[in-house]
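**Student:** My structure file data-v7.cif, mmCIF, C-alpha atoms, is below:
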```cif
data_structure
#
loop_
_atom_site.label_atom_id
_atom_site.label_comp_id
_atom_site.auth_asym_id
_atom_site.auth_seq_id
_atom_site.Cartn_x
_atom_site.Cartn_y
_atom_site.Cartn_z
CA MET A 53 -16.79 15.02 0.17
CA LYS A 54 -16.94 11.22 0.05
CA GLN A 55 -19.35 9.74 -2.45
CA VAL A 56 -20.52 6.27 -3.39
CA LYS A 57 -21.19 6.31 -7.10
CA ASP A 58 -21.66 3.99 -10.02
CA PHE A 59 -19.05 4.59 -12.72
CA ILE A 60 -19.09 3.41 -16.30
CA LEU A 61 -15.89 1.85 -17.61
CA VAL A 62 -15.07 4.06 -20.58
CA LYS A 63 -11.86 2.28 -21.51
CA ASN A 64 -9.89 -0.72 -20.30
CA HIS A 65 -6.35 -0.26 -21.55
CA LYS A 66 -4.55 -3.55 -20.99
CA ILE A 67 -0.88 -2.71 -20.47
CA ASN A 68 0.22 -6.34 -20.11
CA THR A 69 -1.00 -9.53 -18.44
CA LEU A 70 -0.55 -7.99 -14.97
CA TYR A 71 -1.70 -4.40 -15.41
CA SER A 72 -4.65 -2.49 -16.80
CA ARG A 73 -5.43 1.21 -16.77
CA LEU A 74 -9.14 1.77 -16.28
CA THR A 75 -10.75 5.04 -17.37
CA LEU A 76 -14.07 5.63 -15.62
CA ALA A 77 -16.78 8.30 -15.67
CA PRO A 78 -19.79 8.81 -13.36
CA ALA A 79 -22.62 6.76 -14.81
CA ASP A 80 -25.20 9.44 -14.01
CA GLY A 81 -23.20 12.17 -15.75
CA SER A 82 -22.65 14.14 -12.53
CA LYS A 83 -19.43 16.08 -11.99
CA LEU A 84 -16.54 14.48 -10.18
CA PRO A 85 -15.82 15.75 -6.67
CA GLU A 86 -12.55 17.54 -5.99
CA ILE A 87 -9.76 14.95 -5.95
CA LEU A 88 -6.30 15.54 -4.48
CA PRO A 89 -3.17 13.77 -5.74
CA GLY A 90 -2.44 10.83 -3.48
CA GLN A 91 -6.05 10.09 -2.58
CA PHE A 92 -7.52 6.68 -3.35
CA VAL A 93 -10.79 4.87 -4.02
CA GLN A 94 -12.47 1.72 -2.74
CA VAL A 95 -13.80 -0.33 -5.64
CA ALA A 96 -16.60 -2.88 -5.33
CA VAL A 97 -15.88 -6.10 -7.21
CA GLU A 98 -18.84 -8.05 -8.51
CA THR A 99 -17.41 -11.55 -8.57
CA PRO A 100 -18.18 -14.66 -6.49
CA GLY A 101 -16.13 -15.00 -3.32
CA VAL A 102 -15.03 -11.37 -3.19
CA PHE A 103 -16.77 -9.43 -0.43
CA LEU A 104 -14.54 -6.45 0.36
CA ARG A 105 -13.89 -3.41 -1.77
CA ARG A 106 -10.39 -3.06 -3.18
CA PRO A 107 -8.33 0.08 -2.39
CA ILE A 108 -6.70 1.56 -5.48
CA SER A 109 -4.68 4.76 -5.91
CA ILE A 110 -6.05 7.39 -8.25
CA ASN A 111 -3.68 7.40 -11.21
CA ASP A 112 -5.02 10.42 -13.07
CA VAL A 113 -7.96 12.80 -13.16
CA ASP A 114 -9.33 14.64 -16.19
CA MET A 115 -11.83 17.18 -14.93
CA ALA A 116 -12.62 18.36 -18.47
CA ALA A 117 -13.50 14.84 -19.58
CA ASN A 118 -15.00 14.09 -16.14
CA THR A 119 -12.98 10.87 -15.80
CA ILE A 120 -10.61 9.19 -13.39
CA ASP A 121 -7.96 6.62 -14.23
CA LEU A 122 -7.02 3.69 -12.02
CA LEU A 123 -3.83 1.69 -12.58
CA VAL A 124 -4.69 -1.83 -11.45
CA ARG A 125 -2.27 -4.67 -10.80
CA ASN A 126 -3.54 -8.24 -10.89
CA ALA A 127 -2.76 -9.27 -7.31
CA GLY A 128 -5.57 -11.74 -6.67
CA LYS A 129 -9.17 -12.69 -7.35
CA GLY A 130 -10.62 -9.22 -6.91
CA THR A 131 -8.13 -7.28 -9.00
CA ASP A 132 -8.11 -10.06 -11.60
CA ALA A 133 -11.83 -9.50 -12.07
CA LEU A 134 -11.31 -5.74 -12.31
CA ILE A 135 -8.70 -5.87 -15.05
CA LYS A 136 -10.95 -8.22 -17.01
CA SER A 137 -13.92 -5.84 -16.79
CA LYS A 138 -15.64 -5.10 -20.09
CA GLU A 139 -15.89 -1.56 -21.40
CA ASN A 140 -19.30 0.04 -20.68
CA SER A 141 -19.74 -2.12 -17.58
CA ILE A 142 -20.74 -0.47 -14.29
CA ILE A 143 -18.32 -0.34 -11.36
CA ASN A 144 -19.31 1.03 -7.95
CA ILE A 145 -16.70 3.25 -6.30
CA LEU A 146 -16.33 5.02 -2.95
CA LEU A 147 -14.27 8.20 -3.37
CA PRO A 148 -12.25 10.28 -2.75
CA LEU A 149 -10.57 8.79 0.32
CA GLY A 150 -7.61 9.71 2.49
CA ASN A 151 -5.25 12.68 2.50
CA GLY A 152 -3.02 13.50 -0.43
CA PHE A 153 0.44 14.89 -1.08
CA SER A 154 1.22 18.52 -0.29
CA THR A 155 1.40 20.66 -3.41
CA ASP A 156 2.47 24.00 -1.91
CA ALA A 157 6.23 23.71 -2.42
CA PRO A 158 8.14 26.99 -2.92
CA ALA A 159 8.40 28.10 -6.54
CA ASP A 160 12.13 27.37 -6.76
CA SER A 161 11.85 23.85 -5.30
CA ARG A 162 13.44 20.85 -6.98
CA LEU A 163 10.89 18.05 -6.72
CA LEU A 164 11.70 14.37 -7.18
CA LEU A 165 8.76 11.98 -7.40
CA ILE A 166 10.00 8.46 -6.70
CA GLY A 167 8.00 5.35 -7.55
CA GLY A 168 8.49 1.61 -7.73
CA GLY A 169 6.22 -0.92 -9.41
CA VAL A 170 2.53 -0.04 -9.24
CA GLY A 171 3.56 2.59 -6.68
CA VAL A 172 4.11 4.93 -9.62
CA ALA A 173 0.31 5.24 -9.95
CA PRO A 174 -0.40 8.33 -7.79
CA LEU A 175 2.72 10.15 -9.00
CA LEU A 176 1.34 10.87 -12.47
CA TYR A 177 -1.56 13.00 -11.24
CA LEU A 178 0.68 14.57 -8.58
CA GLY A 179 3.19 15.55 -11.24
CA LYS A 180 0.48 17.12 -13.39
CA ILE A 181 -0.84 19.17 -10.46
CA LEU A 182 2.65 20.35 -9.53
CA LYS A 183 3.37 21.30 -13.15
CA LYS A 184 0.07 23.17 -13.36
CA ALA A 185 1.19 25.13 -10.29
CA GLY A 186 4.28 26.28 -12.18
CA LEU A 187 6.70 23.78 -10.65
CA LYS A 188 9.02 21.40 -12.50
CA PRO A 189 8.64 17.86 -11.13
CA GLU A 190 11.14 15.16 -12.02
CA PHE A 191 10.49 11.43 -11.74
CA LEU A 192 12.68 8.56 -10.57
CA LEU A 193 10.98 5.31 -11.54
CA GLY A 194 12.16 1.83 -10.69
CA ALA A 195 11.23 -1.68 -11.82
CA ARG A 196 12.72 -5.14 -12.16
CA SER A 197 13.25 -4.76 -15.90
CA ALA A 198 12.34 -2.57 -18.86
CA LYS A 199 9.17 -4.56 -19.53
CA ASP A 200 7.93 -3.86 -16.00
CA LEU A 201 8.09 -0.07 -16.28
CA LEU A 202 4.69 1.58 -16.41
CA GLU A 203 3.39 4.71 -18.16
CA ILE A 204 6.84 6.05 -19.03
CA GLU A 205 5.56 8.07 -21.99
CA ASP A 206 2.90 9.68 -19.79
CA PHE A 207 5.48 10.69 -17.21
CA GLN A 208 7.80 12.09 -19.89
CA LYS A 209 5.05 14.51 -20.95
CA VAL A 210 5.05 15.96 -17.43
CA GLY A 211 8.73 16.16 -16.52
CA GLU A 212 12.20 14.69 -16.79
CA VAL A 213 12.24 10.95 -16.09
CA HIS A 214 15.11 9.03 -14.48
CA ILE A 215 14.95 5.23 -14.64
CA CYS A 216 16.39 2.34 -12.63
CA THR A 217 15.98 -1.34 -13.39
CA GLU A 218 17.29 -4.17 -11.27
CA ASP A 219 18.58 -6.08 -14.31
CA GLY A 220 20.01 -3.01 -16.04
CA SER A 221 17.89 -3.52 -19.17
CA ILE A 222 17.21 0.22 -19.24
CA GLY A 223 18.47 3.15 -17.22
CA THR A 224 20.71 2.76 -14.19
CA GLN A 225 21.14 -0.79 -12.91
CA GLY A 226 20.03 -1.36 -9.34
CA LEU A 227 17.43 0.00 -6.95
CA VAL A 228 16.24 3.61 -7.12
CA THR A 229 18.56 4.50 -4.26
CA ALA A 230 21.50 3.67 -6.55
CA HIS A 231 20.63 6.34 -9.11
CA GLN A 232 22.99 9.28 -9.33
CA VAL A 233 20.16 11.75 -8.85
CA MET A 234 19.80 10.47 -5.27
CA GLN A 235 23.27 11.88 -4.52
CA GLU A 236 21.97 15.40 -5.00
CA LYS A 237 20.72 16.97 -1.80
CA SER A 238 18.57 19.79 -3.14
CA TYR A 239 15.38 17.86 -3.86
CA ARG A 240 12.13 17.42 -1.97
CA TYR A 241 10.98 13.79 -2.20
CA TYR A 242 7.53 12.38 -2.86
CA CYS A 243 7.52 8.60 -2.76
CA CYS A 244 5.24 5.60 -3.30
CA GLY A 245 6.13 1.95 -3.72
CA PRO A 246 7.16 -1.11 -1.75
CA ALA A 247 7.78 -0.45 1.95
CA PRO A 248 11.50 -1.37 1.83
CA MET A 249 12.02 1.12 -1.00
CA MET A 250 10.22 3.91 0.84
CA LYS A 251 12.11 3.23 4.05
CA ALA A 252 15.41 3.34 2.16
CA ILE A 253 14.44 6.70 0.64
CA ALA A 254 13.35 7.93 4.06
CA LYS A 255 16.72 6.94 5.54
CA ILE A 256 18.48 9.09 2.95
CA ALA A 257 16.07 11.95 3.62
CA TYR A 258 16.52 11.75 7.39
CA ALA A 259 20.31 11.83 7.01
CA SER A 260 20.31 14.82 4.66
CA GLY A 261 17.44 16.76 6.22
CA THR A 262 15.44 16.43 3.00
CA GLU A 263 11.68 17.00 3.04
CA CYS A 264 10.02 13.70 2.19
CA GLU A 265 6.44 12.46 1.91
CA VAL A 266 5.52 8.81 1.44
CA SER A 267 2.27 7.15 0.42
CA LEU A 268 1.79 3.99 2.48
CA GLU A 269 0.27 0.86 1.00
CA ASN A 270 -0.95 -0.85 4.18
CA MET A 271 -3.62 -3.49 3.76
CA MET A 272 -7.08 -1.90 3.84
CA ALA A 273 -10.60 -3.27 3.98
CA CYS A 274 -13.09 -0.47 4.64
CA GLY A 275 -11.21 2.72 3.72
CA LEU A 276 -13.09 4.58 6.45
CA GLY A 277 -11.11 3.81 9.61
CA ALA A 278 -13.56 1.27 11.00
CA CYS A 279 -11.82 -2.07 10.45
CA LEU A 280 -8.41 -1.05 11.90
CA CYS A 281 -6.44 -3.36 9.61
CA CYS A 282 -4.32 -0.53 8.13
CA VAL A 283 -2.99 0.84 11.43
CA GLU A 284 0.47 2.45 11.36
CA LYS A 285 2.61 3.54 14.28
CA THR A 286 3.39 7.26 14.26
CA VAL A 287 5.11 9.68 16.63
CA LYS A 288 1.63 10.53 17.97
CA GLY A 289 0.52 6.91 18.38
CA ASN A 290 -1.25 4.42 16.14
CA VAL A 291 -3.41 5.80 13.34
CA CYS A 292 -5.43 4.41 10.45
CA VAL A 293 -3.62 4.92 7.17
CA CYS A 294 -6.90 5.13 5.24
CA THR A 295 -8.07 8.21 7.16
CA GLU A 296 -4.88 9.88 8.43
CA GLY A 297 -2.89 8.99 5.29
CA PRO A 298 -2.16 7.33 2.99
CA VAL A 299 0.35 10.17 2.59
CA PHE A 300 2.58 11.04 5.54
CA ASN A 301 5.55 13.28 6.04
CA ILE A 302 8.29 10.91 7.21
CA ASN A 303 8.70 13.05 10.34
CA GLN A 304 5.26 11.81 11.38
CA LEU A 305 6.44 8.20 11.23
CA THR A 306 8.70 6.20 13.54
CA TRP A 307 10.98 4.94 10.79
CA ASN A 308 13.95 6.88 12.15
CA GLU A 309 13.84 5.35 15.63
#
```
Is it possible to express this structure as structure tokens?
**Tutor:**
Amino acid sequence: MKQVKDFILVKNHKINTLYSRLTLAPADGSKLPEILPGQFVQVAVETPGVFLRRPISINDVDMAANTIDLLVRNAGKGTDALIKSKENSIINILLPLGNGFSTDAPADSRLLLIGGGVGVAPLLYLGKILKKAGLKPEFLLGARSAKDLLEIEDFQKVGEVHICTEDGSIGTQGLVTAHQVMQEKSYRYYCCGPAPMMKAIAKIAYASGTECEVSLENMMACGLGACLCCVEKTVKGNVCVCTEGPVFNINQLTWNE
């Protein structure tokens, strides 16, 4: 059930000048609603000149601690204000939004969670949920260089991690599609990152008949399907990513046309 709640910023972990991981808890002490991996939030930003909420993937959920984590990239005035937020400040959030990844894979499935840049954010919580279900997720994470990789130690606690960097400073040199693990045909793919990366993964999946889900990062304003700025063409017509996604099976999309 969607809620609009004030959250208190428990911790602002500054990863580098571009990224912060924000840990937040309901300010009134109430329990978090059920949150599915792949869902997102709309965050109100209290700064002059910023009027719209910012959509941000849910990076992690700790039901025992009653907290959510958001991995925020400084991409403009709104997100700049967010990553500079002081601990114990109040942040208003609309959550949980959208549809998440499927987590009902067969017990013997090989699962590869593929992320690029800040697109790795929803894969951490997804991996934890899959592991909790008795599955063994693996991760394929890509970035421009070693210094741009995010949360590697957190991912390593959940499953085996494969790494690609464009400059070869760590892992396999090149894009994620160049990694040897992509030559294996026995995986199911879960993917989030830049659109060209996801479309390249989808192309491989279409060709091999591999099950593949992608989390789209279309521009959003309302998060409720009212503003129509996140529309995506699908095999059943145009839909709002914020309400029908952000996660889609690639067979729902028109990328293979």
**Student:** Might you spell out which residues the PyMOL selection byres ((chain A and resi 162) around 10) would select in the displayed file, as a PyMOL selection string?
**Tutor:** chain A and resi 157-161+163-164+187-190+237-241
**Student:** Would you write out those residues with C-alpha atoms, as a tab-separated table (two decimals), in the coordinates of the input?
**Tutor:**
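Below is the file that was written, again.tsv:
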```
chain	number	residue	atom	x	y	z
A	157	ALA	CA	6.23	23.71	-2.42
A	158	PRO	CA	8.14	26.99	-2.92
A	159	ALA	CA	8.40	28.10	-6.54
A	160	ASP	CA	12.13	27.37	-6.76
A	161	SER	CA	11.85	23.85	-5.30
A	163	LEU	CA	10.89	18.05	-6.72
A	164	LEU	CA	11.70	14.37	-7.18
A	187	LEU	CA	6.70	23.78	-10.65
A	188	LYS	CA	9.02	21.40	-12.50
A	189	PRO	CA	8.64	17.86	-11.13
A	190	GLU	CA	11.14	15.16	-12.02
A	237	LYS	CA	20.72	16.97	-1.80
A	238	SER	CA	18.57	19.79	-3.14
A	239	TYR	CA	15.38	17.86	-3.86
A	240	ARG	CA	12.13	17.42	-1.97
A	241	TYR	CA	10.98	13.79	-2.20
```
**Student:** Using all atoms listed in the file, which residues sit within 6 Å of stretch 114-124 of chain A once same-chain residues fewer than 3 positions away are excluded, as a list in words?
**Tutor:**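 Result of the neighbour search: Tyr71, Ser72, Arg73, Leu74, Thr75, Leu76, Ala77, Ile110 and Asn111 of chain A.
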**Student:** When you look at A:Phe59 with a cut-off of 9 Å (counting only C-alpha atoms), what residues show up, excluding the ones that are within fewer than 6 positions of it in the same chain? I need them as a list in words.
**Tutor:**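 The filter keeps Leu76, Ala77, Pro78, Ala79, Asp80, Ser141, Ile142, Ile143, Asn144 and Ile145 of chain A.
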**Student:** Could you tell me which of A:Asp156, A:Val170, A:Glu205, A:Met249 comes closest to A:Lys183 if we count only C-alpha atoms?
**Tutor:** A:Asp156
**Student:** Evaluated on this file, the PyMOL selection byres ((chain A and resi 209-214) around 10) picks out some residues - which ones are they, written as a ChimeraX atom specification?
**Tutor:** /A:164-166,176-184,187-194,204-208,215-216,223-224,228,231-233
**Student:** I need the residue nearest A:Asp200 from this list: A:Asn68, A:Asn270, A:Ser154, A:Thr286. Use only C-alpha atoms for the distance.
**Tutor:**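 Closest to A:Asp200 of all the choices is A:Asn68.
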**Student:** Can you measure atom CA of A:Leu202 to atom CA of A:Ala173 for me? One decimal in Å is fine.
**Tutor:**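 Pair atom CA of A:Leu202 / atom CA of A:Ala173 returns 8.6 Å.
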**Student:** Report the distance between atom CA of A:Val287 and atom CA of A:Val266 in Å, rounded to one decimal place.
**Tutor:**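 Separation of atom CA of A:Val287 and atom CA of A:Val266: 15.2 Å.
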**Student:** My list of candidates is A:Asn126, A:Ser137, A:Gln91, A:Thr99. Which is closest to A:Asp112 when distances are computed with only C-alpha atoms?
**Tutor:**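 Going through A:Asn126, A:Ser137, A:Gln91, A:Thr99 one by one, the smallest distance to A:Asp112 is for A:Gln91.
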**Student:** By how many Å are atom CA of A:Gly261 and atom CA of A:Gly226 apart?
**Tutor:**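 Atom CA of A:Gly226 lies 24.0 Å from atom CA of A:Gly261.
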**Student:** Once the PyMOL selection byres ((chain A and resi 169) around 7) has been applied to the shown file, what residues remain in the selection, as a tab-separated table (two decimals) with C-alpha atoms, keeping the file's coordinate frame?
**Tutor:**
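Once everything was written out, this is expr14.tsv:
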```tsv
chain	number	residue	atom	x	y	z
A	167	GLY	CA	8.00	5.35	-7.55
A	168	GLY	CA	8.49	1.61	-7.73
A	170	VAL	CA	2.53	-0.04	-9.24
A	171	GLY	CA	3.56	2.59	-6.68
A	172	VAL	CA	4.11	4.93	-9.62
A	194	GLY	CA	12.16	1.83	-10.69
A	195	ALA	CA	11.23	-1.68	-11.82
A	245	GLY	CA	6.13	1.95	-3.72
```
**Student:** Please report, as AutoDock Vina command-line options, the centre and edge lengths in Å to one decimal of an axis-aligned box covering all listed atoms of stretch 205-219 of chain A with 8 Å per side.
**Tutor:**
```
--center_x 10.7 --center_y 5.0 --center_z -16.6 --size_x 31.7 --size_y 38.2 --size_z 26.7
```
**Student:** Between A:Cys292, A:Val102, A:Cys264, A:Ile222, which is the closest to A:Leu276 once you count all atoms listed in the file?
**Tutor:**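 The shortest atom-to-atom distance to A:Leu276 comes from A:Cys292.
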**Student:** Could you check which of A:Ala273, A:Gln225, A:Leu268, A:Leu280 is closest to A:Lys251, using only C-alpha atoms?
**Tutor:** A:Leu268
**Student:** Skip A:Leu104 itself and residues of its chain fewer than 3 positions away, then list as an MDAnalysis selection string all residues within 12 Å of it, counting all atoms listed in the file.
**Tutor:** chainID A and resid 94:101 107 129:131 145 271:275 279
**Student:** Counting all atoms listed in the file, which of A:Ala247, A:Met234, A:Leu134, A:Ala257 gets nearest to A:Asn64?
**Tutor:**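 Among the listed residues, the smallest separation from A:Asn64 belongs to A:Leu134.
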